[in-house]
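*Asks:* Sharing my_file.txt here; it has compact mmCIF, C-alpha atoms and all ligand atoms.
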```
# COMPACT_ATOMS: atom_id res chain seq x y z
CA MET A 247 -57.59 13.28 37.68
CA GLU A 248 -60.56 11.23 36.61
CA PHE A 249 -60.18 7.48 36.71
CA GLU A 250 -62.12 5.62 34.06
CA LEU A 251 -63.29 2.10 34.65
CA TRP A 252 -62.51 0.83 31.18
CA TYR A 253 -58.77 1.23 31.95
CA LEU A 254 -59.15 -1.84 34.15
CA VAL A 255 -60.14 -3.87 31.11
CA ALA A 256 -57.93 -2.25 28.44
CA VAL A 257 -54.58 -2.43 30.24
CA PRO A 258 -54.62 -6.21 30.88
CA LEU A 259 -55.92 -6.76 27.32
CA LEU A 260 -53.01 -4.82 25.80
CA PHE A 261 -50.57 -6.68 28.04
CA ALA A 262 -52.04 -10.04 26.94
CA ALA A 263 -51.83 -9.05 23.26
CA GLY A 264 -48.18 -8.06 23.67
CA TRP A 265 -47.40 -11.34 25.39
CA TYR A 266 -49.14 -13.32 22.65
CA LEU A 267 -47.33 -11.47 19.83
CA ARG A 268 -43.96 -11.95 21.52
CA GLY A 269 -44.62 -15.68 21.63
CA TYR A 270 -45.78 -15.70 18.00
CA ASP A 271 -42.64 -13.86 16.87
CA ALA A 272 -40.38 -16.31 18.70
CA LYS A 273 -42.30 -19.24 17.20
CA GLN A 274 -41.99 -17.71 13.72
CA ARG A 275 -38.22 -17.23 14.12
CA ARG A 276 -37.87 -20.75 15.44
CA LYS A 277 -39.78 -22.03 12.41
CA GLU A 278 -37.60 -20.09 9.96
CA THR A 279 -34.42 -21.33 11.63
CA GLU A 280 -35.73 -24.90 11.53
CA ASN A 281 -36.24 -24.46 7.78
CA LEU A 282 -32.51 -23.79 7.26
CA PRO A 283 -30.89 -27.16 6.66
CA ASP A 284 -28.32 -28.39 9.15
CA ASN A 285 -25.75 -28.42 6.35
CA TYR A 286 -25.96 -24.64 6.19
CA PHE A 287 -24.70 -24.32 9.78
CA ARG A 288 -22.21 -27.16 9.30
CA GLY A 289 -20.88 -25.34 6.19
CA LEU A 290 -20.54 -22.07 8.05
CA SER A 291 -18.81 -23.78 10.95
CA LEU A 292 -16.38 -25.57 8.58
CA LEU A 293 -15.68 -22.33 6.76
CA LEU A 294 -14.88 -20.61 10.04
CA SER A 295 -12.72 -23.57 11.09
CA ASN A 296 -10.69 -23.02 7.91
CA GLU A 297 -11.84 -26.21 6.23
CA PRO A 298 -13.15 -24.72 2.96
CA ASP A 299 -13.30 -27.97 0.97
CA LYS A 300 -15.57 -29.66 3.50
CA ALA A 301 -17.56 -26.42 3.73
CA ILE A 302 -18.14 -26.49 -0.05
CA ASP A 303 -19.50 -30.07 0.22
CA ALA A 304 -21.89 -28.96 2.93
CA PHE A 305 -23.09 -25.92 0.98
CA ILE A 306 -23.60 -28.03 -2.15
CA GLU A 307 -25.95 -30.21 -0.07
CA VAL A 308 -27.82 -27.05 0.99
CA VAL A 309 -28.49 -25.92 -2.57
CA LYS A 310 -29.71 -29.41 -3.46
CA ILE A 311 -32.41 -29.07 -0.81
CA ASP A 312 -33.06 -25.36 -1.13
CA PRO A 313 -32.26 -23.63 -4.46
CA GLU A 314 -33.14 -20.31 -2.79
CA THR A 315 -29.68 -20.31 -1.20
CA ILE A 316 -28.03 -19.83 -4.61
CA GLU A 317 -26.86 -16.28 -3.78
CA LEU A 318 -24.77 -17.78 -1.01
CA HIS A 319 -22.98 -19.95 -3.59
CA HIS A 320 -22.31 -17.06 -5.92
CA ALA A 321 -20.92 -15.04 -3.00
CA LEU A 322 -18.78 -17.96 -1.87
CA GLY A 323 -17.49 -18.62 -5.41
CA ASN A 324 -16.52 -14.96 -5.83
CA LEU A 325 -14.83 -14.96 -2.44
CA PHE A 326 -12.65 -17.96 -3.39
CA CYS A 327 -11.90 -16.43 -6.80
CA LYS A 328 -10.82 -13.14 -5.22
CA ARG A 329 -8.57 -15.01 -2.79
CA GLY A 330 -6.93 -16.77 -5.72
CA GLU A 331 -8.38 -20.15 -4.69
CA PHE A 332 -9.51 -20.83 -8.24
CA ASP A 333 -9.97 -24.61 -7.91
CA ARG A 334 -12.57 -24.04 -5.19
CA ALA A 335 -14.37 -21.29 -7.12
CA ILE A 336 -14.37 -23.56 -10.20
CA ARG A 337 -15.88 -26.42 -8.16
CA ILE A 338 -18.73 -24.27 -6.86
CA HIS A 339 -19.54 -22.71 -10.23
CA THR A 340 -19.32 -26.05 -12.09
CA HIS A 341 -21.75 -27.57 -9.62
CA LEU A 342 -24.25 -24.74 -10.18
CA ILE A 343 -24.04 -25.11 -13.98
CA ASN A 344 -24.74 -28.83 -13.75
CA ARG A 345 -27.88 -28.32 -11.67
CA ALA A 346 -30.59 -28.85 -14.28
CA ASP A 347 -33.28 -27.79 -11.79
CA LEU A 348 -31.87 -24.24 -11.45
CA PRO A 349 -33.32 -21.46 -13.63
CA ASP A 350 -31.39 -20.81 -16.88
CA GLU A 351 -30.56 -17.30 -15.67
CA ASP A 352 -28.71 -18.65 -12.61
CA ARG A 353 -26.85 -21.26 -14.64
CA LEU A 354 -25.74 -18.66 -17.19
CA ARG A 355 -24.52 -16.41 -14.40
CA ALA A 356 -22.57 -19.34 -12.94
CA LEU A 357 -21.12 -20.06 -16.42
CA SER A 358 -19.99 -16.44 -16.71
CA GLU A 359 -18.35 -16.64 -13.28
CA LEU A 360 -16.73 -19.97 -14.18
CA ALA A 361 -15.33 -18.44 -17.38
CA ASN A 362 -13.75 -15.66 -15.33
CA ASP A 363 -12.38 -18.20 -12.80
CA TYR A 364 -10.60 -20.00 -15.67
CA LEU A 365 -9.43 -16.69 -17.14
CA LYS A 366 -7.94 -15.51 -13.84
CA ALA A 367 -6.38 -18.93 -13.27
CA GLY A 368 -4.76 -18.67 -16.73
CA ILE A 369 -6.55 -21.81 -18.01
CA TYR A 370 -7.33 -20.21 -21.36
CA ASP A 371 -8.65 -23.24 -23.28
CA LYS A 372 -11.36 -23.82 -20.66
CA ALA A 373 -12.12 -20.07 -20.44
CA ILE A 374 -12.52 -19.96 -24.24
CA GLU A 375 -14.89 -22.95 -24.08
CA CYS A 376 -17.10 -21.14 -21.51
CA PHE A 377 -17.02 -17.77 -23.30
CA GLU A 378 -17.87 -19.49 -26.61
CA ARG A 379 -20.96 -21.02 -24.95
CA LEU A 380 -21.90 -17.63 -23.46
CA SER A 381 -21.37 -15.86 -26.79
CA LYS A 382 -24.08 -17.91 -28.49
CA ASN A 383 -26.98 -16.14 -26.78
CA GLY A 384 -28.18 -14.48 -23.60
CA ALA A 385 -27.35 -11.35 -21.70
CA TYR A 386 -23.64 -12.25 -21.43
CA ARG A 387 -23.15 -12.53 -25.22
CA LEU A 388 -21.30 -9.28 -25.95
CA ASP A 389 -19.18 -9.31 -22.78
CA ALA A 390 -18.21 -12.90 -23.65
CA LEU A 391 -17.13 -11.82 -27.15
CA ARG A 392 -15.04 -8.96 -25.71
CA SER A 393 -13.37 -11.38 -23.29
CA LEU A 394 -12.73 -13.82 -26.15
CA LEU A 395 -11.06 -11.03 -28.13
CA ARG A 396 -8.76 -10.24 -25.17
CA ILE A 397 -7.80 -13.92 -24.78
CA ARG A 398 -7.13 -14.37 -28.52
CA CYS A 399 -4.81 -11.32 -28.39
CA THR A 400 -3.06 -12.57 -25.23
CA GLU A 401 -2.50 -15.93 -26.93
CA HIS A 402 -1.38 -14.22 -30.17
CA ASP A 403 -4.07 -16.17 -32.02
CA TRP A 404 -4.52 -13.42 -34.59
CA ASN A 405 -6.79 -15.37 -36.95
CA GLY A 406 -9.07 -16.15 -34.00
CA ALA A 407 -8.93 -12.47 -32.95
CA ILE A 408 -10.00 -11.35 -36.45
CA GLU A 409 -12.97 -13.73 -36.35
CA VAL A 410 -14.14 -12.46 -32.93
CA ALA A 411 -13.61 -8.81 -33.89
CA ARG A 412 -15.77 -9.36 -36.99
CA ARG A 413 -18.52 -10.88 -34.83
CA LEU A 414 -18.35 -7.86 -32.49
CA GLU A 415 -18.61 -5.51 -35.47
CA LYS A 416 -21.69 -7.37 -36.66
CA GLU A 417 -23.42 -8.05 -33.36
CA ALA A 418 -22.46 -5.03 -31.24
CA ALA A 419 -22.03 -2.52 -34.10
CA GLU A 420 -18.53 -1.72 -32.76
CA ASP A 421 -15.75 -0.48 -35.04
CA HIS A 422 -12.75 -2.84 -34.86
CA GLY A 423 -11.14 -1.79 -38.16
CA THR A 424 -7.92 -0.57 -36.51
CA ASP A 425 -7.66 -3.77 -34.41
CA ILE A 426 -8.26 -6.04 -37.42
CA SER A 427 -5.63 -4.15 -39.41
CA HIS A 428 -3.14 -4.68 -36.55
CA PHE A 429 -4.01 -8.40 -36.40
CA HIS A 430 -3.23 -8.75 -40.12
CA CYS A 431 0.04 -6.86 -39.54
CA GLU A 432 0.92 -9.30 -36.73
CA LEU A 433 0.30 -12.19 -39.15
CA ALA A 434 2.36 -10.41 -41.82
CA ALA A 435 5.28 -9.86 -39.41
CA ALA A 436 5.11 -13.52 -38.29
CA ALA A 437 5.14 -14.68 -41.93
CA ALA A 438 8.13 -12.43 -42.65
CA ARG A 439 9.98 -13.92 -39.64
CA ALA A 440 9.23 -17.38 -41.07
CA LYS A 441 10.70 -16.17 -44.42
CA ASN A 442 7.32 -16.60 -46.13
CA ALA A 443 7.37 -13.43 -48.25
CA ALA A 444 4.22 -14.26 -50.25
CA GLU A 445 2.13 -14.78 -47.09
CA ALA A 446 3.59 -11.60 -45.52
CA GLU A 447 2.63 -9.62 -48.62
CA ARG A 448 -0.88 -11.11 -48.64
CA GLU A 449 -1.47 -10.24 -44.96
CA VAL A 450 -0.14 -6.70 -45.28
CA ASN A 451 -2.46 -6.15 -48.25
CA LEU A 452 -5.39 -7.37 -46.14
CA ALA A 453 -4.33 -4.91 -43.41
CA LEU A 454 -4.31 -2.09 -45.98
CA LEU A 455 -7.68 -3.21 -47.31
CA GLU A 456 -9.05 -2.85 -43.78
CA GLN A 457 -7.31 0.50 -43.10
CA PRO A 458 -5.80 2.01 -46.25
CA ASN A 459 -3.78 4.58 -44.26
CA SER A 460 -2.67 2.29 -41.42
CA PRO A 461 0.83 3.58 -40.44
CA ARG A 462 1.95 0.13 -39.41
CA ALA A 463 0.75 -1.58 -42.60
CA LEU A 464 2.38 1.14 -44.76
CA MET A 465 5.64 0.77 -42.82
CA LEU A 466 5.60 -3.02 -43.23
CA ALA A 467 4.66 -2.78 -46.92
CA GLY A 468 7.75 -0.57 -47.41
CA ASP A 469 9.97 -3.00 -45.47
CA PHE A 470 8.76 -5.96 -47.55
CA ALA A 471 9.19 -4.04 -50.82
CA LEU A 472 12.76 -3.04 -49.94
CA ALA A 473 13.58 -6.63 -48.91
CA ALA A 474 12.25 -7.74 -52.32
CA GLY A 475 14.55 -5.21 -54.03
CA ASP A 476 11.79 -2.78 -54.97
CA ALA A 477 13.15 0.45 -53.45
CA ARG A 478 10.73 2.63 -55.40
CA ARG A 479 7.66 0.92 -53.96
CA ALA A 480 9.27 1.02 -50.50
CA VAL A 481 9.83 4.77 -50.70
CA GLU A 482 6.27 5.27 -51.97
CA SER A 483 4.87 3.36 -48.99
CA TRP A 484 6.92 5.30 -46.44
CA GLU A 485 6.15 8.65 -48.11
CA ALA A 486 2.44 7.73 -48.00
CA LEU A 487 2.81 6.94 -44.30
CA ARG A 488 4.48 10.30 -43.69
CA LYS A 489 1.75 12.08 -45.61
CA HIS A 490 -1.16 10.41 -43.80
CA SER A 491 0.42 10.31 -40.37
CA PRO A 492 3.15 12.96 -39.89
CA ASP A 493 3.54 11.82 -36.27
CA HIS A 494 5.10 8.58 -37.55
CA PHE A 495 7.74 10.41 -39.61
CA PRO A 496 10.50 9.93 -36.95
CA LEU A 497 10.03 6.15 -37.26
CA VAL A 498 10.71 6.11 -41.01
CA VAL A 499 13.41 8.79 -41.46
CA ARG A 500 16.24 6.24 -41.63
CA ARG A 501 14.18 3.93 -43.83
CA LEU A 502 13.46 6.75 -46.29
CA VAL A 503 17.12 7.81 -46.44
CA LYS A 504 18.10 4.19 -47.11
CA GLY A 505 15.38 3.86 -49.76
CA TYR A 506 16.42 7.02 -51.61
CA GLU A 507 20.07 5.95 -51.44
CA ALA A 508 19.09 2.56 -52.91
CA LEU A 509 17.39 4.44 -55.76
CA GLY A 510 20.50 6.58 -56.23
CA ASP A 511 18.38 9.63 -55.38
CA GLU A 512 20.84 11.63 -53.28
CA GLU A 513 18.63 14.73 -53.38
CA GLY A 514 15.70 12.69 -51.97
CA ALA A 515 17.87 11.43 -49.09
CA GLU A 516 19.24 14.92 -48.42
CA ARG A 517 15.75 16.47 -48.48
CA THR A 518 14.43 13.84 -46.05
CA ILE A 519 17.18 14.59 -43.54
CA ARG A 520 16.75 18.33 -43.93
CA GLU A 521 13.00 18.11 -43.32
CA ALA A 522 13.45 15.71 -40.41
CA MET A 523 15.96 18.11 -38.80
CA ALA A 524 13.34 20.84 -39.11
CA GLU A 525 10.33 18.77 -37.95
CA CYS A 526 11.62 16.22 -35.45
CA PRO A 527 15.37 16.44 -34.72
CA THR A 528 15.61 13.35 -32.51
CA SER A 529 19.11 12.15 -31.66
CA GLU A 530 18.71 9.41 -34.31
CA VAL A 531 18.00 12.08 -36.94
CA VAL A 532 20.89 14.25 -35.67
CA GLU A 533 23.20 11.22 -35.87
CA GLU A 534 22.13 10.51 -39.47
CA ALA A 535 22.52 14.20 -40.40
CA MET A 536 25.94 14.40 -38.70
CA LYS A 537 27.26 11.31 -40.53
CA ARG A 538 26.07 12.60 -43.91
CA ALA A 539 27.52 16.07 -43.26
CA PHE A 540 30.86 14.54 -42.16
CA ARG A 541 31.03 12.47 -45.35
CA LYS A 542 30.31 15.50 -47.48
CA GLY A 543 31.78 18.53 -45.74
CA GLY A 544 34.02 17.08 -43.05
CA GLU A 545 34.34 18.02 -39.39
CA LYS A 546 33.26 21.65 -39.71
CA GLU A 547 29.88 20.97 -41.31
CA ALA A 548 29.12 18.01 -39.06
CA GLY A 549 30.22 20.04 -36.01
CA ALA A 550 27.76 22.82 -36.89
CA ILE A 551 24.87 20.34 -36.95
CA VAL A 552 25.83 18.74 -33.63
CA GLY A 553 26.51 22.13 -32.01
CA GLN A 554 23.07 23.40 -33.02
CA ALA A 555 21.38 20.18 -31.79
CA MET A 556 23.19 20.34 -28.43
CA LYS A 557 22.16 23.97 -28.03
CA SER A 558 18.44 23.42 -28.72
CA HIS A 559 18.12 19.91 -27.19
CA PRO A 560 20.93 19.13 -24.73
CA THR A 561 19.99 15.46 -24.32
CA LEU A 562 22.18 12.47 -23.53
CA GLY A 563 21.44 11.17 -27.04
CA ASN A 564 22.80 14.34 -28.68
CA LEU A 565 25.84 14.30 -26.37
CA SER A 566 26.48 10.75 -27.54
CA VAL A 567 26.26 11.96 -31.19
CA ALA A 568 28.79 14.73 -30.36
CA MET A 569 31.18 12.09 -28.97
CA GLU A 570 30.62 9.96 -32.06
CA LEU A 571 31.77 12.91 -34.18
CA ARG A 572 34.89 13.30 -32.00
CA GLN A 573 35.52 9.62 -32.62
CA LEU A 574 35.13 10.06 -36.41
CA VAL A 575 37.68 12.92 -36.25
CA ALA A 576 40.15 10.96 -34.12
CA PRO A 577 39.45 7.25 -34.76
CA ASP A 578 42.74 6.13 -33.17
CA ASP A 579 42.18 7.69 -29.75
CA PRO A 580 41.44 4.74 -27.43
CA GLN A 581 40.31 7.01 -24.58
CA LEU A 582 37.77 8.72 -26.80
CA GLN A 583 36.59 5.36 -28.08
CA GLY A 584 35.90 4.20 -24.52
CA ILE A 585 33.98 7.34 -23.57
CA ALA A 586 31.94 7.35 -26.83
CA GLY A 587 31.09 3.67 -26.34
CA MET A 588 29.96 4.22 -22.76
CA LEU A 589 27.85 7.26 -23.70
CA LYS A 590 26.19 5.42 -26.58
CA LYS A 591 25.36 2.49 -24.30
CA GLU A 592 23.90 4.74 -21.61
CA SER A 593 21.95 6.81 -24.15
CA ASP A 594 20.45 3.65 -25.69
CA ARG A 595 19.58 2.38 -22.19
CA GLN A 596 17.82 5.60 -21.24
CA GLY A 597 16.19 6.27 -24.61
CA ARG A 598 12.88 4.57 -24.12
CA TYR A 599 9.34 4.86 -25.39
CA GLN A 600 6.60 5.17 -22.78
CA CYS A 601 2.99 4.00 -23.06
CA ARG A 602 0.55 6.91 -22.75
CA LYS A 603 -2.00 4.72 -21.03
CA CYS A 604 -0.06 2.78 -18.39
CA GLY A 605 3.49 4.18 -18.47
CA PHE A 606 5.12 0.89 -19.55
CA LEU A 607 8.65 1.59 -20.87
CA SER A 608 10.15 -0.07 -23.92
CA HIS A 609 13.52 0.25 -25.68
CA SER A 610 11.93 -0.27 -29.08
CA TYR A 611 8.77 1.22 -30.54
CA LEU A 612 5.79 -1.10 -29.97
CA TRP A 613 2.38 -1.12 -31.65
CA GLN A 614 0.80 -2.97 -28.72
CA CYS A 615 1.68 -2.27 -25.10
CA PRO A 616 2.74 -5.39 -23.15
CA GLY A 617 1.57 -3.67 -19.94
CA CYS A 618 -2.02 -2.69 -20.71
CA GLY A 619 -2.58 -4.50 -24.03
CA GLY A 620 -3.62 -1.23 -25.74
CA TRP A 621 -2.91 -0.68 -29.46
CA ASP A 622 -1.18 2.51 -30.69
CA THR A 623 -0.63 3.73 -27.13
CA TYR A 624 3.06 4.67 -27.59
CA PRO A 625 4.06 8.16 -28.77
CA THR A 626 6.41 7.92 -31.75
CA LEU A 627 9.17 9.79 -29.86
CA ARG A 628 11.36 8.51 -27.06
CA VAL A 629 10.84 10.16 -23.67
CA GLN A 630 14.12 12.11 -23.98
CA ASP A 631 13.13 13.37 -27.45
CA MET A 632 9.62 14.52 -26.52
CA SER A 633 10.62 18.19 -26.54
CA VAL A 634 11.96 18.15 -30.12
CA ARG A 635 8.63 18.13 -31.90
CA LYS A 636 7.55 21.60 -32.89
CA LYS A 637 4.11 22.46 -31.61
CA GLY A 638 1.70 22.95 -34.55
ZN ZN B 701 0.27 0.46 -21.71
```
Output the file's structure as C-alpha cells, nothing else.
*Replies:*
Amino acid sequence: MEFELWYLVAVPLLFAAGWYLRGYDAKQRRKETENLPDNYFRGLSLLLSNEPDKAIDAFIEVVKIDPETIELHHALGNLFCKRGEFDRAIRIHTHLINRADLPDEDRLRALSELANDYLKAGIYDKAIECFERLSKNGAYRLDALRSLLRIRCTEHDWNGAIEVARRLEKEAAEDHGTDISHFHCELAAAAARAKNAAEAEREVNLALLEQPNSPRALMLAGDFALAAGDARRAVESWEALRKHSPDHFPLVVRRLVKGYEALGDEEGAERTIREAMAECPTSEVVEEAMKRAFRKGGEKEAGAIVGQAMKSHPTLGNLSVAMELRQLVAPDDPQLQGIAGMLKKESDRQGRYQCRKCGFLSHSYLWQCPGCGGWDTYPTLRVQDMSVRKKG
C-alpha cells in the first residue's frame, strides 16, 4: 500500500473543519434558543403544571414580542376549544383579534375561530356578531353565511334565516328555494298558533310563491282553508299536493276524507279511501276504511277489510284496528275494552317516523329533523308501515 504525504496534511485539516462546524452549530442553536423569549418557556412550564390561565398570560406576552409565534396561539386556542374550555379559547382568540399589528389574514382567522368558540359554547348572540363581521368580506364570507343560516334555524329566527338564505343565493349562487319555503311555512304555522289567520295565510302564500308545489305549503294552505270554512279550497290544495307529490298522500288521506265529507261529497270520500287502500294501506288508512265500512255495511264488511289488511301486513297497528272492530261489535265488554286500549297505546308508542339521515325517531311527522337539522329527511310512512307502499 502506497502512503501519500498529503494525507498528513488533509486528515488534520478535515478534523479541524469538523471541530469548527460542530462549534458553529452549537453556537447557532444557542443563538436561536436565546431568541425565544423566556415567557415561551414559562408558558410551557405553566401549561404542563396544569395552570392554563397563567400559561395564556405568558403566551400573550410572547406574541407581543414575537408575532411569528402566532401559530402557537391558534393551536392553543383550538386545543382549549376542543377540550370544552371555551372561556380560555375565547380569551386567546379575542387577544389575537385586538392586535392591530398582526396581518389582517391572521386576525380574520382568529375571528373565525372566535365565532366557532362562541357557537360551540352556545353563546349565539356573540357568534352571530362575529359571523356577521366575517360575512362582509374575505375568504370566510360564505362559510360565515352558512353558519349564520344554521344559527338562525336553531334559534327559530325564520325571518333572519330567509334573509341569510337570500344572501347565499345571491353571493354563492346556491339554491335555497326549498329552505325559504319551509321558513315561510314555519312563520305561517307560528301565526296560526297565535290565531293570526291573516298572517298565516300571507306566509303560506309566500311559501307557495317560492315553491308552488311545496307539499308542506299545500298541506298548510288546505288546513287554513278548512279552518276558515272553505272546504272546497282545502280539498283542492290537498288534491294538488297528492298530484305533485304522491309520496305525501298518506299524510293527507284523513284530511281529504274530512274535506269531502264537509262538502257532502260522499263519493269523493269513498274514492279517497279506496285509492289509499290500494296505494298505501297504513294502519291509519285501514282504521278509517274499517270505520266507514262498519257504518255502512256492518261487521261483515268491516271484518273483510281488517282480515285482508292483517293478511297482507300483520303489523301491531293493524292488530289494534282489528281489536277496535271487536270493540265496535261488543261495546259493553270491559275485558275487550281493556285489551283494545292497551293495544292502541302500544301501537301508537311503536308507530314512529325515522329520519333517513340520522335515524332520529319521532311519534309525529316532522318537516325538520331535531337530530340532524335536515329538512324533508323523514319518509312519509311510519317504520312499521314501510312495507305497505307498492313498489312502482
Ligand atoms: Zn335527522
*Asks:* Around ligand ZN 701 (chain B), which protein and nucleic acid residues have at least one atom no more than 9 Å from it, if we count all atoms listed in the file? List them as number ranges by chain.
*Replies:* A: 600-607, 614-621, 623-624
*Asks:* Of the candidates A:Val410, A:Gly563, A:Cys431, A:Ala437, which shows the shortest atom-to-atom distance to Asp389 of chain A, using all atoms listed in the file?
*Replies:*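 For Asp389 of chain A, the nearest of the given residues is A:Val410.
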*Asks:* Separation of atom CA of Leu348 of chain A and atom CA of Gly323 of chain A, in Å?
*Replies:*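 Between atom CA of Leu348 of chain A and atom CA of Gly323 of chain A the gap works out to 16.6 Å.
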*Asks:* Ranking A:Lys504, A:His609, A:Lys328, A:Arg345 by minimum distance to Ile519 of chain A and counting all atoms listed in the file, which one comes first?
*Replies:*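 Under the stated criterion, the closest residue is A:Lys504.
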*Asks:* Please provide the set of residues having any atom within 8 Å of Glu417 of chain A, restricted to only C-alpha atoms, with same-chain residues fewer than 3 positions apart removed, written as a VMD selection string.
*Replies:* chain A and resid 388 413 to 414
*Asks:* Neighbouring residues of segment 548-551 of chain A were defined as those with any atom within 12 Å, considering all atoms listed in the file; residues of the same chain fewer than 3 positions away were excluded. Please report them as a ChimeraX atom specification.
*Replies:* /A:519-520,523-524,527,529,531-545,554-559,564,567-572,574-575
*Asks:* Give me, please, the distance in Å between atom CA of Pro577 of chain A and atom CA of Leu565 of chain A, quoted to one decimal.
*Replies:* 17.5 Å
*Asks:* Using Å and a single decimal, report how far atom CA of Pro349 of chain A sits from atom CA of Lys372 of chain A.
*Replies:*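 So the answer is 23.2 Å.
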*Asks:* Can you pull out the residues contacting Trp484 of chain A? Cut-off 8 Å, using all atoms listed in the file, and skip same-chain residues under 2 positions away; I want them as an mmCIF file with C-alpha atoms, in the coordinates of the input.
*Replies:*
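Contents of out-v4.cif, as written:
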```cif
data_model
loop_
_atom_site.group_PDB
_atom_site.id
_atom_site.type_symbol
_atom_site.label_atom_id
_atom_site.label_comp_id
_atom_site.auth_asym_id
_atom_site.auth_seq_id
_atom_site.Cartn_x
_atom_site.Cartn_y
_atom_site.Cartn_z
ATOM 1 C CA LEU A 464 2.380 1.140 -44.760
ATOM 2 C CA MET A 465 5.640 0.770 -42.820
ATOM 3 C CA GLY A 468 7.750 -0.570 -47.410
ATOM 4 C CA ALA A 480 9.270 1.020 -50.500
ATOM 5 C CA VAL A 481 9.830 4.770 -50.700
ATOM 6 C CA GLU A 482 6.270 5.270 -51.970
ATOM 7 C CA ALA A 486 2.440 7.730 -48.000
ATOM 8 C CA LEU A 487 2.810 6.940 -44.300
ATOM 9 C CA ARG A 488 4.480 10.300 -43.690
ATOM 10 C CA VAL A 498 10.710 6.110 -41.010
ATOM 11 C CA ARG A 501 14.180 3.930 -43.830
ATOM 12 C CA LEU A 502 13.460 6.750 -46.290
#
```
*Asks:* Excluding segment 356-367 of chain A and its own-chain neighbours fewer than 4 positions away, which residues fall within 9 Å of it when counting only C-alpha atoms? Please give them as a ChimeraX atom specification.
*Replies:* /A:320,323-324,327,330-333,335-343,351-352,371-377,379-380,386,390,397
*Asks:* Near Arg462 of chain A, counting all atoms listed in the file, which residues have an atom at most 12 Å away, once you skip same-chain residues fewer than 3 positions from it, shown as a ChimeraX atom specification?
*Replies:* /A:424-425,427-432,434-435,450-451,453-454,457-459,465-469,483-484,486-488,490-491,494-495,497-498,611-614,621-622,626
*Asks:* Rank A:Arg517, A:Lys382, A:Arg392, A:His319 by their smallest atom-to-atom distance to Ala418 of chain A, using all atoms listed in the file, and report the top residue only.
*Replies:* A:Arg392
*Asks:* Some atoms are missing, so please complete segment 619-630 of chain A with N, CA and C atoms and return it as a PDB file, keeping the file's coordinate frame.
*Replies:*
```pdb
ATOM      1  N   GLY A 619      -1.950  -3.822 -22.877  1.00  0.00           N
ATOM      2  CA  GLY A 619      -2.580  -4.500 -24.030  1.00  0.00           C
ATOM      3  C   GLY A 619      -3.179  -3.537 -25.040  1.00  0.00           C
ATOM      4  N   GLY A 620      -3.035  -2.217 -24.818  1.00  0.00           N
ATOM      5  CA  GLY A 620      -3.620  -1.230 -25.740  1.00  0.00           C
ATOM      6  C   GLY A 620      -2.835  -1.156 -27.050  1.00  0.00           C
ATOM      7  N   TRP A 621      -3.554  -0.847 -28.138  1.00  0.00           N
ATOM      8  CA  TRP A 621      -2.910  -0.680 -29.460  1.00  0.00           C
ATOM      9  C   TRP A 621      -2.649   0.806 -29.691  1.00  0.00           C
ATOM     10  N   ASP A 622      -1.542   1.120 -30.353  1.00  0.00           N
ATOM     11  CA  ASP A 622      -1.180   2.510 -30.690  1.00  0.00           C
ATOM     12  C   ASP A 622      -1.145   3.410 -29.461  1.00  0.00           C
ATOM     13  N   THR A 623      -0.644   2.913 -28.362  1.00  0.00           N
ATOM     14  CA  THR A 623      -0.630   3.730 -27.130  1.00  0.00           C
ATOM     15  C   THR A 623       0.745   4.368 -26.892  1.00  0.00           C
ATOM     16  N   TYR A 624       1.721   4.070 -27.778  1.00  0.00           N
ATOM     17  CA  TYR A 624       3.060   4.670 -27.590  1.00  0.00           C
ATOM     18  C   TYR A 624       3.217   5.906 -28.476  1.00  0.00           C
ATOM     19  N   PRO A 625       3.713   7.021 -27.908  1.00  0.00           N
ATOM     20  CA  PRO A 625       4.060   8.160 -28.770  1.00  0.00           C
ATOM     21  C   PRO A 625       5.236   7.725 -29.652  1.00  0.00           C
ATOM     22  N   THR A 626       5.372   8.353 -30.823  1.00  0.00           N
ATOM     23  CA  THR A 626       6.410   7.920 -31.750  1.00  0.00           C
ATOM     24  C   THR A 626       7.791   8.504 -31.417  1.00  0.00           C
ATOM     25  N   LEU A 627       7.876   9.242 -30.304  1.00  0.00           N
ATOM     26  CA  LEU A 627       9.170   9.790 -29.860  1.00  0.00           C
ATOM     27  C   LEU A 627       9.562   9.166 -28.530  1.00  0.00           C
ATOM     28  N   ARG A 628      10.873   8.991 -28.348  1.00  0.00           N
ATOM     29  CA  ARG A 628      11.360   8.510 -27.060  1.00  0.00           C
ATOM     30  C   ARG A 628      11.155   9.607 -26.018  1.00  0.00           C
ATOM     31  N   VAL A 629      11.103   9.192 -24.745  1.00  0.00           N
ATOM     32  CA  VAL A 629      10.840  10.160 -23.670  1.00  0.00           C
ATOM     33  C   VAL A 629      11.813  11.337 -23.751  1.00  0.00           C
ATOM     34  N   GLN A 630      13.106  11.038 -23.968  1.00  0.00           N
ATOM     35  CA  GLN A 630      14.120  12.110 -23.980  1.00  0.00           C
ATOM     36  C   GLN A 630      13.990  13.031 -25.198  1.00  0.00           C
TER      37      GLN A 630
END
```
